[in-house]
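What follows is a set of notes on a single structure, which appears directly below.
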Amino acid sequence: MASASTGPHPVPADAPAAAVSVQGLRKVINDRVVLNDLDFAIPRGSMFALLGANGAGKSTLLKILAGLMPPTGGRVHLFGAPLAGHAADLRSRIGFLGHNAMLYRELSARENLVFFGRMHGLADVGRRAEDLLEQLGLADRMHDPVKAFSRGMLQRAAIARALLCDPELLLADEPFTGLDAPSARTLEALLRSLHAQGRTIVFTNHDVAQSIALATSVDAVGHGGVFVLGHGRLIINQHARLLDAAMVHLEMSDR
Amino acid sequence: MTTTLGRIMLLVAKDLRIEARGRQTIAIVLVLGILIIVVLGIGFGSPGSSGQPVTGFQATAILWVAYFFGGVLCFEKTMDVERRDDALAGLLMTPVDRGAIYVAKLLTNLTLIAGLTIVITPLAVMFFRFDLAGHAGAFVAILALGMVGFAAIGTLFAAAASSTRLQGGLLAMLVFPLCLPVVIVSTQMMRELFLPGGQLSMPGLALLAGFDLMALTVGWLVFEQVLEP
């Protein structure tokens, strides 16, 4: 994988405004360079979309940011604190929404949330679980085992789990995948609402148009490095051909 | 604030609740255990068959074969619960110590193995007609110490295998050589127990306890490294 040019956006790791800052991030899996010398920063309160084809490294990047996967090299700071050595403390400030629901399928949605809430050490977790499930339209199915849920319902239950500890940073890996149009609209509205509350959201997406519709400024990174494509528009140039491995930074407008 | 002990209890309760809902592990483990006792018992010649009756050594060896393969299935199934739908990643996003996950999985596995032994041991006693009543305490002591070491190794390797898709018979092949000291010592101790005038071997017990301590320490220390979402 080729090393790419570095754009002007990368900021120092200790920048106080950065929810996420990454310096020289590198990840090698089975002798394959997935991420190569990545530098970027995500300001607090922004919405950051990562675009790219399967295998581009989006999920790997999110797992590294979530502290679920160690990087091969480089530094990751969340809220100014280094992730290495502080992952346990930072986990309660991060919500992670993965490809899969990350729930126990034999347990009900409520039981799952209560379990994860207790593991987080949250107080009054039963009430919190019920409130979240109600907000996400699962109140009438909260006692059903999640294995009986449709894809959309499962995704909503997974979102409830990710929001359980009221995270400052939400990492969502392809949250729109498999959702029907109404569910996708509900999720989009939820992301907007969370963003309006000042949370930082990082999500991956295969739908360029959907991501651009949410954005006012666009950066892109691909093939392991950063390609700055411009602000306010997505510049389709030679780098666009590299979108199979690209990530696009989309800062959502306050609308 | 949930303590580490509290989180371990939560994890065990969750695992047992899932098992109670699906009975996916205990049912298959019991069937396997019973089949091993019956098939090997018949093969070696159970009392009443035309061949030579099973000796005490053979009986304890057959029991350990059933414990071993049933146990390996338990280790696989309890880790499989975490792998389905990436539930493990959700768990690892909580501030739980990964060593606590190891202890919880170990306790769950020991609970399930205890269920296995409670069912198949009396079955073997009936099938092979050996006198357990006179040595029940010693038998339980050997079994308990043997199972802790076996489960400590098995839990660790099941976690490693689950992240590398190294499943099925391969896990048994990995675990067996490492658990060989436990199997050999336990089988020998049980055989001696059922000899006329047989007594519990204290050096053997110390050996098992030492193995347990070593296996638990290694499992606790290494589990974090092998547990990948």
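Letters A, B, ... mark the chains of the structure tokens in the order given; residue numbers begin at 1 per chain; ligand numbers begin at 1, in order shown.
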Just need the residues of chain A within 7 Å of chain B, counting only C-alpha atoms, so spit them out as a PDB file with C-alpha atoms, in the first residue's frame.
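Once everything was written out, this is result_12.pdb:
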ATOM      1  CA  LEU A  68     -10.053  -2.831  20.768  1.00  0.00           C
ATOM      2  CA  ALA A  88      -9.745   1.281  30.435  1.00  0.00           C
ATOM      3  CA  ASP A  89     -10.364   4.837  31.695  1.00  0.00           C
ATOM      4  CA  ARG A  91     -13.760   3.308  27.437  1.00  0.00           C
ATOM      5  CA  SER A  92     -16.571   4.838  29.472  1.00  0.00           C
ATOM      6  CA  ASN A 100     -22.392  -6.696  14.297  1.00  0.00           C
ATOM      7  CA  ALA A 101     -24.794  -5.880  17.089  1.00  0.00           C
ATOM      8  CA  MET A 102     -22.296  -6.832  19.808  1.00  0.00           C
ATOM      9  CA  LEU A 103     -25.180  -8.181  21.895  1.00  0.00           C
ATOM     10  CA  TYR A 104     -25.905 -11.586  23.389  1.00  0.00           C
ATOM     11  CA  GLU A 106     -30.172 -15.249  23.802  1.00  0.00           C
ATOM     12  CA  LEU A 107     -30.775 -12.287  26.102  1.00  0.00           C
ATOM     13  CA  ARG A 118     -23.638  -2.936  35.167  1.00  0.00           C
ATOM     14  CA  MET A 119     -20.308  -3.841  33.611  1.00  0.00           C
ATOM     15  CA  HIS A 120     -19.821  -0.091  33.090  1.00  0.00           C
ATOM     16  CA  GLY A 121     -20.721   0.434  36.731  1.00  0.00           C
TER      17      GLY A 121
END
(message) Give me, as a VMD selection string, all polymer residues having an atom no more than 6 Å from segment 157-169 of chain A, counting only C-alpha atoms and skipping those fewer than 6 positions away in the same chain.
(response) chain A and resid 93 to 97 101 113 132 199 to 201
(message) So, with only C-alpha atoms as the atoms that count, which of B:Leu132, B:Val183, B:Leu143, B:Ile118 lies closest to Val65 of chain B?
(response) B:Val183
(message) Give me, as a PyMOL selection string, the residues of segment 20-239 of chain A that a backbone DSSP run labels helix (DSSP H, G or I).
(response) chain A and resi 58-65+87-93+109-120+125-135+139-141+146-148+151-162+181-196+208-213+238-239
Could you turn the residues from that selection into a file that holds C-alpha atoms, as a compact mmCIF listing (two decimals), in the first residue's frame?
# COMPACT_ATOMS: atom_id res chain seq x y z
CA LYS A 58 -11.99 1.81 8.02
CA SER A 59 -13.05 -0.80 10.54
CA THR A 60 -9.47 -1.33 11.61
CA LEU A 61 -9.08 2.38 12.26
CA LEU A 62 -12.28 2.49 14.32
CA LYS A 63 -11.23 -0.56 16.34
CA ILE A 64 -7.90 1.08 17.07
CA LEU A 65 -9.64 4.30 18.14
CA ALA A 87 -7.83 2.53 27.39
CA ALA A 88 -9.75 1.28 30.43
CA ASP A 89 -10.36 4.84 31.70
CA LEU A 90 -11.33 6.12 28.25
CA ARG A 91 -13.76 3.31 27.44
CA SER A 92 -16.57 4.84 29.47
CA ARG A 93 -16.30 7.96 27.28
CA ALA A 109 -32.61 -6.14 24.61
CA ARG A 110 -33.24 -4.94 28.17
CA GLU A 111 -31.17 -7.75 29.71
CA ASN A 112 -28.31 -6.95 27.35
CA LEU A 113 -28.38 -3.27 28.22
CA VAL A 114 -28.66 -3.93 31.95
CA PHE A 115 -25.73 -6.34 31.75
CA PHE A 116 -23.50 -3.93 29.83
CA GLY A 117 -24.62 -1.04 32.04
CA ARG A 118 -23.64 -2.94 35.17
CA MET A 119 -20.31 -3.84 33.61
CA HIS A 120 -19.82 -0.09 33.09
CA VAL A 125 -29.21 1.00 34.82
CA GLY A 126 -32.64 -0.57 34.44
CA ARG A 127 -34.28 2.84 34.05
CA ARG A 128 -31.52 4.00 31.71
CA ALA A 129 -31.95 0.89 29.54
CA GLU A 130 -35.69 1.32 29.32
CA ASP A 131 -35.40 5.02 28.48
CA LEU A 132 -32.95 4.34 25.67
CA LEU A 133 -35.01 1.49 24.23
CA GLU A 134 -38.09 3.66 24.35
CA GLN A 135 -36.28 6.50 22.56
CA ALA A 139 -40.19 -0.29 24.16
CA ASP A 140 -42.68 -2.96 23.17
CA ARG A 141 -39.99 -5.49 22.25
CA VAL A 146 -32.52 -10.05 20.37
CA LYS A 147 -32.11 -13.12 18.16
CA ALA A 148 -35.75 -12.57 17.20
CA ARG A 151 -31.82 -6.14 11.20
CA GLY A 152 -33.22 -2.67 11.84
CA MET A 153 -34.35 -3.52 15.35
CA LEU A 154 -31.02 -5.15 16.08
CA GLN A 155 -29.22 -2.06 14.90
CA ARG A 156 -31.36 0.14 17.13
CA ALA A 157 -30.66 -2.14 20.10
CA ALA A 158 -26.97 -1.93 19.26
CA ILE A 159 -27.18 1.86 19.16
CA ALA A 160 -28.83 1.80 22.58
CA ARG A 161 -25.90 -0.28 23.86
CA ALA A 162 -23.40 2.13 22.34
CA ALA A 181 -35.20 3.65 4.39
CA PRO A 182 -37.30 4.56 7.46
CA SER A 183 -34.73 3.03 9.83
CA ALA A 184 -31.92 4.81 8.00
CA ARG A 185 -33.79 8.12 8.34
CA THR A 186 -34.33 7.46 12.05
CA LEU A 187 -30.63 6.74 12.49
CA GLU A 188 -29.66 9.83 10.52
CA ALA A 189 -31.92 11.92 12.73
CA LEU A 190 -30.42 10.33 15.81
CA LEU A 191 -26.88 11.08 14.63
CA ARG A 192 -27.88 14.69 13.96
CA SER A 193 -29.44 14.91 17.41
CA LEU A 194 -26.35 13.49 19.09
CA HIS A 195 -24.17 15.85 17.11
CA ALA A 196 -26.37 18.77 18.11
CA VAL A 208 -20.77 8.62 -0.58
CA ALA A 209 -23.89 10.62 -1.44
CA GLN A 210 -25.45 10.05 1.95
CA SER A 211 -22.27 11.11 3.69
CA ILE A 212 -21.81 14.18 1.53
CA ALA A 213 -25.43 15.16 2.20
CA GLN A 238 -7.18 11.52 -9.36
CA HIS A 239 -7.45 10.81 -5.67
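Once Ser108 of chain A and its same-chain neighbours fewer than 6 positions away are set aside, His143, Asp144, Pro145 and Val146 of chain A remain within 6 Å of it when counting only C-alpha atoms.
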Restrict the selected residues to C-alpha atoms and save them as a JSON list (two decimals), in the first residue's frame.
[["chain", "number", "residue", "atom", "x", "y", "z"],
["A", 143, "HIS", "CA", -38.18, -8.20, 26.70],
["A", 144, "ASP", "CA", -37.80, -10.25, 23.54],
["A", 145, "PRO", "CA", -34.51, -12.05, 22.89],
["A", 146, "VAL", "CA", -32.52, -10.05, 20.37]]
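For the pair atom CA of Val182 of chain B and atom CA of Gln58 of chain B, the separation is 16.4 Å.
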(message) Give me the residues near Ala138 of chain B as a ChimeraX atom specification, where near means some atom within 10 Å (using only C-alpha atoms) and where sequence neighbours in that chain fewer than 4 positions away do not count.
(response) /B:132,134,142-144,189-190,193,199-201,205
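With atom CA of Ala66 of chain B on one side and atom CA of Gly115 of chain B on the other, the separation reads 12.7 Å.
You will find atom CA of Asp31 of chain A at 20.5 Å from atom CA of Ala161 of chain B.
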(request) Tell me, as a PyMOL selection string, which residues lie within 9 Å of Ala124 of chain B, counting only C-alpha atoms; anything in the same chain fewer than 2 positions away does not count. (result) chain B and resi 34+37-38+41+59-60+62-63+120-122+126-130
All residues 9 Å or closer to segment 105-114 of chain B, only C-alpha atoms, same chain fewer than 5 positions away omitted, as a CSV table (one decimal) with N, CA, C and O atoms, in the first residue's frame:
chain,number,residue,atom,x,y,z
B,8,ILE,N,-17.1,-10.2,37.8
B,8,ILE,CA,-16.9,-11.6,37.6
B,8,ILE,C,-18.2,-12.3,37.8
B,8,ILE,O,-18.6,-13.2,37.0
B,11,LEU,N,-20.6,-11.7,35.0
B,11,LEU,CA,-20.2,-12.4,33.8
B,11,LEU,C,-20.7,-13.9,33.9
B,11,LEU,O,-21.2,-14.5,32.9
B,12,VAL,N,-20.4,-14.5,35.1
B,12,VAL,CA,-20.8,-15.9,35.3
B,12,VAL,C,-22.3,-16.0,35.2
B,12,VAL,O,-22.9,-16.9,34.5
B,13,ALA,N,-23.0,-15.1,35.9
B,13,ALA,CA,-24.5,-15.1,35.8
B,13,ALA,C,-25.0,-15.0,34.4
B,13,ALA,O,-26.0,-15.7,34.0
B,15,ASP,N,-23.4,-15.8,31.6
B,15,ASP,CA,-23.1,-17.1,30.9
B,15,ASP,C,-24.1,-18.2,31.3
B,15,ASP,O,-24.6,-18.9,30.4
B,16,LEU,N,-24.4,-18.3,32.5
B,16,LEU,CA,-25.3,-19.4,33.0
B,16,LEU,C,-26.7,-19.1,32.5
B,16,LEU,O,-27.4,-20.0,32.2
B,25,THR,N,-24.9,-26.0,25.4
B,25,THR,CA,-23.6,-26.7,25.8
B,25,THR,C,-23.9,-27.9,26.6
B,25,THR,O,-23.4,-29.0,26.2
B,26,ILE,N,-24.6,-27.8,27.6
B,26,ILE,CA,-24.8,-28.9,28.6
B,26,ILE,C,-25.4,-30.1,27.9
B,26,ILE,O,-25.0,-31.3,28.1
B,29,VAL,N,-22.8,-31.8,25.6
B,29,VAL,CA,-21.7,-32.3,26.4
B,29,VAL,C,-22.2,-33.6,27.2
B,29,VAL,O,-21.4,-34.6,27.2
B,67,TYR,N,-14.5,-36.9,30.5
B,67,TYR,CA,-14.4,-35.6,31.1
B,67,TYR,C,-13.6,-34.7,30.1
B,67,TYR,O,-14.0,-33.5,29.9
B,70,GLY,N,-15.7,-33.8,26.8
B,70,GLY,CA,-16.9,-33.0,27.3
B,70,GLY,C,-16.4,-31.6,27.7
B,70,GLY,O,-17.0,-30.6,27.4
B,71,GLY,N,-15.2,-31.6,28.4
B,71,GLY,CA,-14.7,-30.3,28.9
B,71,GLY,C,-14.3,-29.4,27.7
B,71,GLY,O,-14.6,-28.2,27.7
B,74,CYS,N,-17.1,-27.8,26.3
B,74,CYS,CA,-17.6,-26.7,27.1
B,74,CYS,C,-16.7,-25.4,26.8
B,74,CYS,O,-17.3,-24.3,26.7
B,75,PHE,N,-15.4,-25.6,26.8
B,75,PHE,CA,-14.5,-24.5,26.5
B,75,PHE,C,-14.9,-23.8,25.2
B,75,PHE,O,-15.0,-22.5,25.1
B,78,THR,N,-18.5,-22.0,25.4
B,78,THR,CA,-18.7,-20.8,26.3
B,78,THR,C,-17.9,-19.6,25.6
B,78,THR,O,-18.3,-18.5,25.8
B,79,MET,N,-16.9,-19.9,24.8
B,79,MET,CA,-16.2,-18.8,24.1
B,79,MET,C,-17.0,-18.4,22.9
B,79,MET,O,-17.1,-17.2,22.5
B,100,ALA,N,-10.5,-10.6,34.6
B,100,ALA,CA,-11.8,-10.9,35.2
B,100,ALA,C,-12.6,-11.8,34.2
B,100,ALA,O,-13.3,-12.7,34.7
B,119,VAL,N,-23.4,-36.1,36.3
B,119,VAL,CA,-24.2,-37.1,35.5
B,119,VAL,C,-23.5,-38.3,35.1
B,119,VAL,O,-23.9,-39.4,35.3
B,144,ALA,N,-11.7,-32.6,41.5
B,144,ALA,CA,-11.7,-31.1,41.7
B,144,ALA,C,-10.4,-30.5,41.3
B,144,ALA,O,-10.3,-29.5,40.5
B,147,MET,N,-9.7,-31.0,37.6
B,147,MET,CA,-10.5,-30.2,36.7
B,147,MET,C,-10.1,-28.7,36.7
B,147,MET,O,-10.2,-28.0,35.6
B,148,VAL,N,-9.6,-28.2,37.8
B,148,VAL,CA,-9.2,-26.8,37.8
B,148,VAL,C,-8.1,-26.6,36.9
B,148,VAL,O,-8.1,-25.6,36.1
B,151,ALA,N,-9.4,-27.0,33.2
B,151,ALA,CA,-10.2,-25.9,32.8
B,151,ALA,C,-9.3,-24.6,32.6
B,151,ALA,O,-9.6,-23.8,31.8
B,152,ALA,N,-8.3,-24.5,33.5
B,152,ALA,CA,-7.5,-23.3,33.4
B,152,ALA,C,-6.8,-23.2,32.1
B,152,ALA,O,-6.7,-22.2,31.4
B,154,GLY,N,-7.7,-25.1,29.3
B,154,GLY,CA,-8.7,-25.2,28.3
B,154,GLY,C,-9.3,-23.8,28.0
B,154,GLY,O,-9.6,-23.4,26.9
B,155,THR,N,-9.6,-23.1,29.1
B,155,THR,CA,-10.2,-21.7,28.9
B,155,THR,C,-9.3,-20.8,28.2
B,155,THR,O,-9.8,-20.1,27.3
B,156,LEU,N,-8.1,-20.8,28.5
B,156,LEU,CA,-7.1,-20.0,27.9
B,156,LEU,C,-7.0,-20.3,26.4
B,156,LEU,O,-7.0,-19.4,25.5
(request) For Val202 of chain A, list every protein, DNA or RNA residue within 8 Å, evaluated using only C-alpha atoms, and leave out those in the same chain fewer than 6 positions away; present the list as a PyMOL selection string. (result) chain A and resi 47-50+169-172
Using the selection just defined, write its residues with N, CA and C atoms as a compact mmCIF listing (two decimals), in the first residue's frame.
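That gives us out.txt:
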# COMPACT_ATOMS: atom_id res chain seq x y z
N MET A 47 -18.61 15.87 13.19
CA MET A 47 -19.03 14.56 12.67
C MET A 47 -18.06 14.18 11.56
N PHE A 48 -17.54 13.02 11.64
CA PHE A 48 -16.43 12.61 10.78
C PHE A 48 -16.83 11.31 10.10
N ALA A 49 -16.94 11.36 8.79
CA ALA A 49 -17.32 10.14 8.06
C ALA A 49 -16.12 9.58 7.33
N LEU A 50 -16.00 8.29 7.39
CA LEU A 50 -14.91 7.60 6.70
C LEU A 50 -15.50 6.80 5.56
N LEU A 169 -17.77 10.41 22.67
CA LEU A 169 -17.32 10.04 21.33
C LEU A 169 -18.04 8.77 20.88
N LEU A 170 -18.74 8.88 19.76
CA LEU A 170 -19.43 7.70 19.22
C LEU A 170 -18.70 7.23 17.97
N LEU A 171 -18.25 6.00 17.98
CA LEU A 171 -17.59 5.40 16.82
C LEU A 171 -18.56 4.40 16.21
N ALA A 172 -18.96 4.62 14.98
CA ALA A 172 -19.99 3.76 14.37
C ALA A 172 -19.47 3.20 13.06
